[in-house]
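Q: Sharing upload_6.cif below, mmCIF, N, CA and C atoms:
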```
data_input
loop_
_atom_site.label_atom_id
_atom_site.label_comp_id
_atom_site.auth_asym_id
_atom_site.auth_seq_id
_atom_site.Cartn_x
_atom_site.Cartn_y
_atom_site.Cartn_z
N MET A 1 135.59 -6.64 7.06
CA MET A 1 136.96 -6.14 7.13
C MET A 1 137.83 -7.04 8.00
N ALA A 2 137.27 -7.56 9.11
CA ALA A 2 138.04 -8.43 10.00
C ALA A 2 138.52 -9.68 9.27
N GLU A 3 137.65 -10.21 8.39
CA GLU A 3 138.02 -11.39 7.63
C GLU A 3 139.20 -11.12 6.71
N SER A 4 139.17 -9.98 6.02
CA SER A 4 140.27 -9.66 5.11
C SER A 4 141.55 -9.37 5.89
N SER A 5 141.43 -8.77 7.08
CA SER A 5 142.61 -8.52 7.92
C SER A 5 143.22 -9.83 8.38
N ALA A 6 142.38 -10.76 8.79
CA ALA A 6 142.87 -12.07 9.22
C ALA A 6 143.55 -12.80 8.07
N ALA A 7 142.98 -12.71 6.89
CA ALA A 7 143.56 -13.36 5.71
C ALA A 7 144.92 -12.73 5.37
N TYR A 8 145.01 -11.41 5.50
CA TYR A 8 146.27 -10.70 5.24
C TYR A 8 147.34 -11.16 6.23
N ILE A 9 146.98 -11.25 7.50
CA ILE A 9 147.93 -11.68 8.52
C ILE A 9 148.38 -13.11 8.27
N ARG A 10 147.44 -13.99 7.87
CA ARG A 10 147.81 -15.37 7.53
C ARG A 10 148.77 -15.41 6.35
N MET A 11 148.55 -14.54 5.36
CA MET A 11 149.45 -14.49 4.21
C MET A 11 150.85 -14.05 4.65
N VAL A 12 150.91 -13.01 5.51
CA VAL A 12 152.21 -12.54 6.00
C VAL A 12 152.89 -13.65 6.80
N GLN A 13 152.12 -14.35 7.62
CA GLN A 13 152.67 -15.47 8.39
C GLN A 13 153.25 -16.53 7.45
N HIS A 14 152.53 -16.86 6.41
CA HIS A 14 153.02 -17.85 5.44
C HIS A 14 154.33 -17.37 4.80
N LEU A 15 154.39 -16.11 4.43
CA LEU A 15 155.61 -15.58 3.81
C LEU A 15 156.78 -15.58 4.80
N ILE A 16 156.50 -15.30 6.06
CA ILE A 16 157.54 -15.36 7.10
C ILE A 16 158.04 -16.80 7.22
N GLU A 17 157.13 -17.76 7.19
CA GLU A 17 157.53 -19.16 7.25
C GLU A 17 158.44 -19.52 6.08
N GLU A 18 158.16 -18.98 4.92
CA GLU A 18 159.03 -19.20 3.76
C GLU A 18 160.41 -18.60 4.00
N CYS A 19 160.45 -17.42 4.60
CA CYS A 19 161.74 -16.79 4.92
C CYS A 19 162.52 -17.66 5.89
N ILE A 20 161.84 -18.23 6.86
CA ILE A 20 162.50 -19.09 7.85
C ILE A 20 163.07 -20.33 7.17
N ILE A 21 162.35 -20.88 6.21
CA ILE A 21 162.86 -22.03 5.46
C ILE A 21 164.19 -21.68 4.79
N PHE A 22 164.32 -20.42 4.36
CA PHE A 22 165.55 -19.96 3.73
C PHE A 22 166.55 -19.41 4.75
N ASN A 23 166.29 -19.68 6.05
CA ASN A 23 167.19 -19.33 7.13
C ASN A 23 167.45 -17.82 7.23
N MET A 24 166.43 -17.02 6.96
CA MET A 24 166.56 -15.57 7.01
C MET A 24 166.26 -15.06 8.41
N SER A 25 166.97 -14.00 8.81
CA SER A 25 166.69 -13.34 10.08
C SER A 25 165.42 -12.50 9.94
N ARG A 26 164.94 -12.00 11.07
CA ARG A 26 163.75 -11.13 11.02
C ARG A 26 164.03 -9.92 10.14
N GLU A 27 165.22 -9.32 10.29
CA GLU A 27 165.55 -8.14 9.50
C GLU A 27 165.62 -8.46 8.01
N GLU A 28 166.23 -9.59 7.67
CA GLU A 28 166.30 -10.00 6.26
C GLU A 28 164.91 -10.26 5.71
N CYS A 29 164.07 -10.88 6.51
CA CYS A 29 162.69 -11.17 6.11
C CYS A 29 161.91 -9.87 5.90
N MET A 30 162.06 -8.94 6.82
CA MET A 30 161.37 -7.65 6.69
C MET A 30 161.78 -6.96 5.39
N GLU A 31 163.06 -6.99 5.08
CA GLU A 31 163.55 -6.35 3.86
C GLU A 31 163.02 -7.06 2.62
N ALA A 32 163.06 -8.39 2.63
CA ALA A 32 162.60 -9.17 1.47
C ALA A 32 161.11 -8.97 1.22
N LEU A 33 160.31 -9.02 2.28
CA LEU A 33 158.86 -8.87 2.10
C LEU A 33 158.50 -7.45 1.69
N SER A 34 159.25 -6.49 2.17
CA SER A 34 159.01 -5.10 1.76
C SER A 34 159.31 -4.94 0.26
N LYS A 35 160.43 -5.51 -0.15
CA LYS A 35 160.87 -5.36 -1.54
C LYS A 35 160.04 -6.18 -2.52
N HIS A 36 159.75 -7.43 -2.16
CA HIS A 36 159.14 -8.36 -3.12
C HIS A 36 157.63 -8.52 -2.98
N ALA A 37 157.09 -8.21 -1.80
CA ALA A 37 155.65 -8.41 -1.59
C ALA A 37 154.94 -7.13 -1.16
N ASN A 38 155.71 -6.03 -1.11
CA ASN A 38 155.15 -4.72 -0.75
C ASN A 38 154.45 -4.75 0.62
N ILE A 39 155.06 -5.46 1.56
CA ILE A 39 154.53 -5.53 2.93
C ILE A 39 155.39 -4.63 3.80
N LYS A 40 154.75 -3.74 4.52
CA LYS A 40 155.49 -2.80 5.36
C LYS A 40 156.28 -3.56 6.42
N PRO A 41 157.54 -3.16 6.65
CA PRO A 41 158.37 -3.83 7.64
C PRO A 41 157.72 -3.92 9.03
N VAL A 42 156.97 -2.90 9.43
CA VAL A 42 156.33 -2.94 10.75
C VAL A 42 155.31 -4.07 10.83
N ILE A 43 154.65 -4.39 9.73
CA ILE A 43 153.70 -5.50 9.70
C ILE A 43 154.44 -6.82 9.87
N THR A 44 155.51 -7.00 9.08
CA THR A 44 156.30 -8.22 9.17
C THR A 44 156.86 -8.40 10.57
N SER A 45 157.41 -7.34 11.12
CA SER A 45 157.99 -7.39 12.46
C SER A 45 156.95 -7.76 13.51
N THR A 46 155.78 -7.18 13.42
CA THR A 46 154.71 -7.45 14.39
C THR A 46 154.27 -8.91 14.31
N VAL A 47 154.06 -9.41 13.10
CA VAL A 47 153.62 -10.80 12.94
C VAL A 47 154.74 -11.74 13.41
N TRP A 48 155.99 -11.42 13.06
CA TRP A 48 157.13 -12.25 13.48
C TRP A 48 157.18 -12.33 15.02
N LYS A 49 157.03 -11.18 15.69
CA LYS A 49 157.08 -11.15 17.15
C LYS A 49 155.96 -11.99 17.77
N GLU A 50 154.78 -11.95 17.17
CA GLU A 50 153.68 -12.77 17.67
C GLU A 50 153.98 -14.26 17.46
N LEU A 51 154.58 -14.59 16.33
CA LEU A 51 154.96 -15.98 16.10
C LEU A 51 156.00 -16.42 17.13
N GLU A 52 156.93 -15.54 17.45
CA GLU A 52 157.94 -15.85 18.47
C GLU A 52 157.29 -16.13 19.83
N LYS A 53 156.28 -15.33 20.19
CA LYS A 53 155.58 -15.53 21.45
C LYS A 53 154.89 -16.89 21.49
N GLU A 54 154.27 -17.26 20.37
CA GLU A 54 153.51 -18.50 20.31
C GLU A 54 154.39 -19.73 20.15
N ASN A 55 155.60 -19.54 19.66
CA ASN A 55 156.50 -20.66 19.35
C ASN A 55 157.89 -20.41 19.91
N LYS A 56 157.94 -20.08 21.19
CA LYS A 56 159.18 -19.64 21.82
C LYS A 56 160.32 -20.65 21.64
N GLU A 57 160.06 -21.92 21.89
CA GLU A 57 161.11 -22.94 21.80
C GLU A 57 161.64 -23.05 20.37
N PHE A 58 160.75 -23.01 19.39
CA PHE A 58 161.19 -23.09 17.99
C PHE A 58 162.13 -21.95 17.66
N PHE A 59 161.74 -20.73 18.01
CA PHE A 59 162.55 -19.57 17.64
C PHE A 59 163.88 -19.53 18.40
N GLU A 60 163.90 -20.03 19.63
CA GLU A 60 165.16 -20.13 20.36
C GLU A 60 166.11 -21.08 19.64
N ALA A 61 165.59 -22.23 19.22
CA ALA A 61 166.41 -23.20 18.48
C ALA A 61 166.82 -22.63 17.12
N PHE A 62 165.91 -21.93 16.46
CA PHE A 62 166.20 -21.33 15.15
C PHE A 62 167.33 -20.32 15.27
N GLU A 63 167.26 -19.44 16.27
CA GLU A 63 168.31 -18.43 16.47
C GLU A 63 169.64 -19.07 16.84
N GLU A 64 169.58 -20.11 17.67
CA GLU A 64 170.81 -20.82 18.04
C GLU A 64 171.46 -21.44 16.81
N GLN A 65 170.65 -22.06 15.98
CA GLN A 65 171.15 -22.68 14.75
C GLN A 65 171.74 -21.63 13.81
N ARG A 66 171.09 -20.47 13.71
CA ARG A 66 171.61 -19.39 12.86
C ARG A 66 172.96 -18.90 13.37
N GLU A 67 173.07 -18.76 14.69
CA GLU A 67 174.33 -18.32 15.30
C GLU A 67 175.45 -19.33 15.05
N GLN A 68 175.13 -20.61 15.17
CA GLN A 68 176.13 -21.65 14.93
C GLN A 68 176.62 -21.60 13.49
N ARG A 69 175.71 -21.41 12.57
CA ARG A 69 176.10 -21.31 11.16
C ARG A 69 176.97 -20.08 10.92
N LYS A 70 176.59 -18.97 11.56
CA LYS A 70 177.33 -17.72 11.39
C LYS A 70 178.74 -17.85 11.96
N CYS A 71 178.86 -18.41 13.17
CA CYS A 71 180.16 -18.50 13.83
C CYS A 71 181.09 -19.48 13.11
N CYS A 72 180.52 -20.49 12.51
CA CYS A 72 181.34 -21.53 11.89
C CYS A 72 181.54 -21.31 10.39
N GLY A 73 181.01 -20.24 9.87
CA GLY A 73 181.23 -19.89 8.47
C GLY A 73 180.38 -20.63 7.47
N PHE A 74 179.27 -21.22 7.91
CA PHE A 74 178.40 -21.93 6.98
C PHE A 74 177.39 -20.97 6.38
N SER A 75 177.27 -21.02 5.07
CA SER A 75 176.19 -20.32 4.38
C SER A 75 176.03 -20.95 3.02
N SER A 76 174.91 -20.71 2.40
CA SER A 76 174.66 -21.35 1.11
C SER A 76 175.62 -20.86 0.03
N SER A 77 176.17 -19.66 0.19
CA SER A 77 177.04 -19.12 -0.85
C SER A 77 178.51 -19.47 -0.61
N ASP A 78 178.88 -19.98 0.57
CA ASP A 78 180.27 -20.29 0.86
C ASP A 78 180.83 -21.36 -0.08
N GLY A 79 180.03 -22.36 -0.38
CA GLY A 79 180.50 -23.43 -1.25
C GLY A 79 180.89 -22.90 -2.62
N ASP A 80 180.14 -21.96 -3.14
CA ASP A 80 180.45 -21.38 -4.44
C ASP A 80 181.78 -20.64 -4.40
N LYS A 81 182.00 -19.89 -3.33
CA LYS A 81 183.22 -19.10 -3.22
C LYS A 81 184.46 -19.99 -3.13
N LYS A 82 184.35 -21.11 -2.41
CA LYS A 82 185.50 -21.99 -2.20
C LYS A 82 185.86 -22.74 -3.47
N GLU A 83 184.90 -23.00 -4.33
CA GLU A 83 185.17 -23.79 -5.53
C GLU A 83 185.83 -22.97 -6.63
N LYS A 84 185.66 -21.67 -6.60
CA LYS A 84 186.24 -20.83 -7.66
C LYS A 84 187.72 -20.63 -7.39
N PRO A 85 188.54 -20.62 -8.45
CA PRO A 85 190.00 -20.43 -8.27
C PRO A 85 190.35 -19.04 -7.81
#
```
Would you encode the structure as structure tokens?

A:
Amino acid sequence: MAESSAAYIRMVQHLIEECIIFNMSREECMEALSKHANIKPVITSTVWKELEKENKEFFEAFEEQREQRKCCGFSSSDGDKKEKP
């Protein structure tokens, strides 16, 4: 059972990493994994928090970068909105 639990946690970690690549917040990631991978939000949150503990500098930079994008109006969908008449 421990082996399957470890494999499950590694899978959740991998999916969280994919969410990070798409610049998703923890809340967005929890919602996406719940909806698309049937992973309970508490599981995603717990694994995310452990990743934050292990990679503190990365997550500080990630959050700072997300805030800069938010404050300056950058998002992947902004370009589409500006091009339409």

Q: Find, counting all atoms listed in the file, the residue in A:Gln68, A:Gln13, A:Ser45, A:Ser4 that gets nearest to Glu27 in chain A.

A: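 Comparing A:Gln68, A:Gln13, A:Ser45, A:Ser4 against Glu27 in chain A, the winner is A:Ser45.
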
Q: Report as a VMD selection string: the residues of chain A with a DSSP assignment of alpha helix (DSSP H), based on the backbone of this structure.

A: chain A and resid 2 to 21 26 to 37 41 to 54 56 to 72 78 to 83

Q: Written as number ranges by chain, which residues does the PyMOL selection byres ((chain A and resi 16) around 8) give for the file shown?

A: A: 10-15, 17-22, 29-30, 33, 44, 47-48

Q: Quick one, how far is CA of Glu31 in chain A from CA of Ile43 in chain A?

A: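 Between CA of Glu31 in chain A and CA of Ile43 in chain A the gap is 11.5 Å.
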
Q: What gap, in Å, lies between atom N of Arg66 in chain A and CA of Asn23 in chain A?

A: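 According to the coordinates, atom N of Arg66 in chain A and CA of Asn23 in chain A are separated by 7.7 Å.
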
Q: Can you work out the spacing between CA of Lys70 in chain A and CA of Phe58 in chain A in Å, to one decimal?

A: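 Pair CA of Lys70 in chain A / CA of Phe58 in chain A returns 18.2 Å.
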
Q: Starting from the block above, write range 26-53 of chain A out to a file with N, CA and C atoms, as an mmCIF file, in the first residue's frame, please.

A:
```
data_model
loop_
_atom_site.group_PDB
_atom_site.id
_atom_site.type_symbol
_atom_site.label_atom_id
_atom_site.label_comp_id
_atom_site.auth_asym_id
_atom_site.auth_seq_id
_atom_site.Cartn_x
_atom_site.Cartn_y
_atom_site.Cartn_z
ATOM 1 N N ARG A 26 -2.438 27.949 -6.719
ATOM 2 C CA ARG A 26 -2.786 26.718 -5.999
ATOM 3 C C ARG A 26 -4.286 26.462 -6.108
ATOM 4 N N GLU A 27 -5.094 27.515 -5.944
ATOM 5 C CA GLU A 27 -6.547 27.347 -6.009
ATOM 6 C C GLU A 27 -6.996 26.899 -7.393
ATOM 7 N N GLU A 28 -6.421 27.498 -8.435
ATOM 8 C CA GLU A 28 -6.759 27.098 -9.807
ATOM 9 C C GLU A 28 -6.353 25.657 -10.060
ATOM 10 N N CYS A 29 -5.194 25.287 -9.551
ATOM 11 C CA CYS A 29 -4.697 23.915 -9.706
ATOM 12 C C CYS A 29 -5.609 22.933 -8.977
ATOM 13 N N MET A 30 -6.000 23.274 -7.762
ATOM 14 C CA MET A 30 -6.896 22.397 -6.996
ATOM 15 C C MET A 30 -8.203 22.178 -7.757
ATOM 16 N N GLU A 31 -8.737 23.243 -8.326
ATOM 17 C CA GLU A 31 -9.989 23.141 -9.078
ATOM 18 C C GLU A 31 -9.811 22.295 -10.338
ATOM 19 N N ALA A 32 -8.722 22.533 -11.063
ATOM 20 C CA ALA A 32 -8.472 21.796 -12.306
ATOM 21 C C ALA A 32 -8.266 20.305 -12.047
ATOM 22 N N LEU A 33 -7.473 19.979 -11.031
ATOM 23 C CA LEU A 33 -7.213 18.563 -10.750
ATOM 24 C C LEU A 33 -8.453 17.868 -10.216
ATOM 25 N N SER A 34 -9.267 18.592 -9.479
ATOM 26 C CA SER A 34 -10.521 18.015 -8.997
ATOM 27 C C SER A 34 -11.448 17.701 -10.176
ATOM 28 N N LYS A 35 -11.537 18.653 -11.087
ATOM 29 C CA LYS A 35 -12.452 18.514 -12.225
ATOM 30 C C LYS A 35 -11.960 17.508 -13.265
ATOM 31 N N HIS A 36 -10.664 17.572 -13.589
ATOM 32 C CA HIS A 36 -10.154 16.793 -14.721
ATOM 33 C C HIS A 36 -9.459 15.488 -14.338
ATOM 34 N N ALA A 37 -8.996 15.387 -13.088
ATOM 35 C CA ALA A 37 -8.264 14.179 -12.690
ATOM 36 C C ALA A 37 -8.889 13.502 -11.471
ATOM 37 N N ASN A 38 -10.021 14.050 -11.017
ATOM 38 C CA ASN A 38 -10.744 13.479 -9.881
ATOM 39 C C ASN A 38 -9.859 13.353 -8.630
ATOM 40 N N ILE A 39 -9.036 14.377 -8.405
ATOM 41 C CA ILE A 39 -8.169 14.408 -7.224
ATOM 42 C C ILE A 39 -8.785 15.388 -6.232
ATOM 43 N N LYS A 40 -8.979 14.942 -5.020
ATOM 44 C CA LYS A 40 -9.596 15.791 -4.005
ATOM 45 C C LYS A 40 -8.736 17.023 -3.756
ATOM 46 N N PRO A 41 -9.368 18.201 -3.655
ATOM 47 C CA PRO A 41 -8.617 19.435 -3.428
ATOM 48 C C PRO A 41 -7.693 19.377 -2.206
ATOM 49 N N VAL A 42 -8.101 18.681 -1.151
ATOM 50 C CA VAL A 42 -7.248 18.597 0.037
ATOM 51 C C VAL A 42 -5.944 17.870 -0.272
ATOM 52 N N ILE A 43 -5.984 16.897 -1.171
ATOM 53 C CA ILE A 43 -4.768 16.178 -1.578
ATOM 54 C C ILE A 43 -3.849 17.123 -2.345
ATOM 55 N N THR A 44 -4.411 17.828 -3.324
ATOM 56 C CA THR A 44 -3.622 18.767 -4.117
ATOM 57 C C THR A 44 -3.010 19.835 -3.219
ATOM 58 N N SER A 45 -3.803 20.381 -2.325
ATOM 59 C CA SER A 45 -3.326 21.424 -1.419
ATOM 60 C C SER A 45 -2.191 20.920 -0.537
ATOM 61 N N THR A 46 -2.337 19.726 -0.006
ATOM 62 C CA THR A 46 -1.314 19.153 0.876
ATOM 63 C C THR A 46 -0.007 18.938 0.122
ATOM 64 N N VAL A 47 -0.085 18.365 -1.075
ATOM 65 C CA VAL A 47 1.125 18.118 -1.863
ATOM 66 C C VAL A 47 1.752 19.455 -2.269
ATOM 67 N N TRP A 48 0.922 20.427 -2.666
ATOM 68 C CA TRP A 48 1.428 21.750 -3.056
ATOM 69 C C TRP A 48 2.191 22.379 -1.882
ATOM 70 N N LYS A 49 1.609 22.322 -0.680
ATOM 71 C CA LYS A 49 2.252 22.914 0.498
ATOM 72 C C LYS A 49 3.588 22.241 0.803
ATOM 73 N N GLU A 50 3.665 20.935 0.624
ATOM 74 C CA GLU A 50 4.929 20.232 0.836
ATOM 75 C C GLU A 50 5.963 20.653 -0.215
ATOM 76 N N LEU A 51 5.514 20.824 -1.445
ATOM 77 C CA LEU A 51 6.424 21.302 -2.484
ATOM 78 C C LEU A 51 6.926 22.705 -2.147
ATOM 79 N N GLU A 52 6.046 23.542 -1.630
ATOM 80 C CA GLU A 52 6.451 24.897 -1.214
ATOM 81 C C GLU A 52 7.526 24.847 -0.125
ATOM 82 N N LYS A 53 7.360 23.937 0.840
ATOM 83 C CA LYS A 53 8.346 23.799 1.913
ATOM 84 C C LYS A 53 9.706 23.390 1.363
#
```
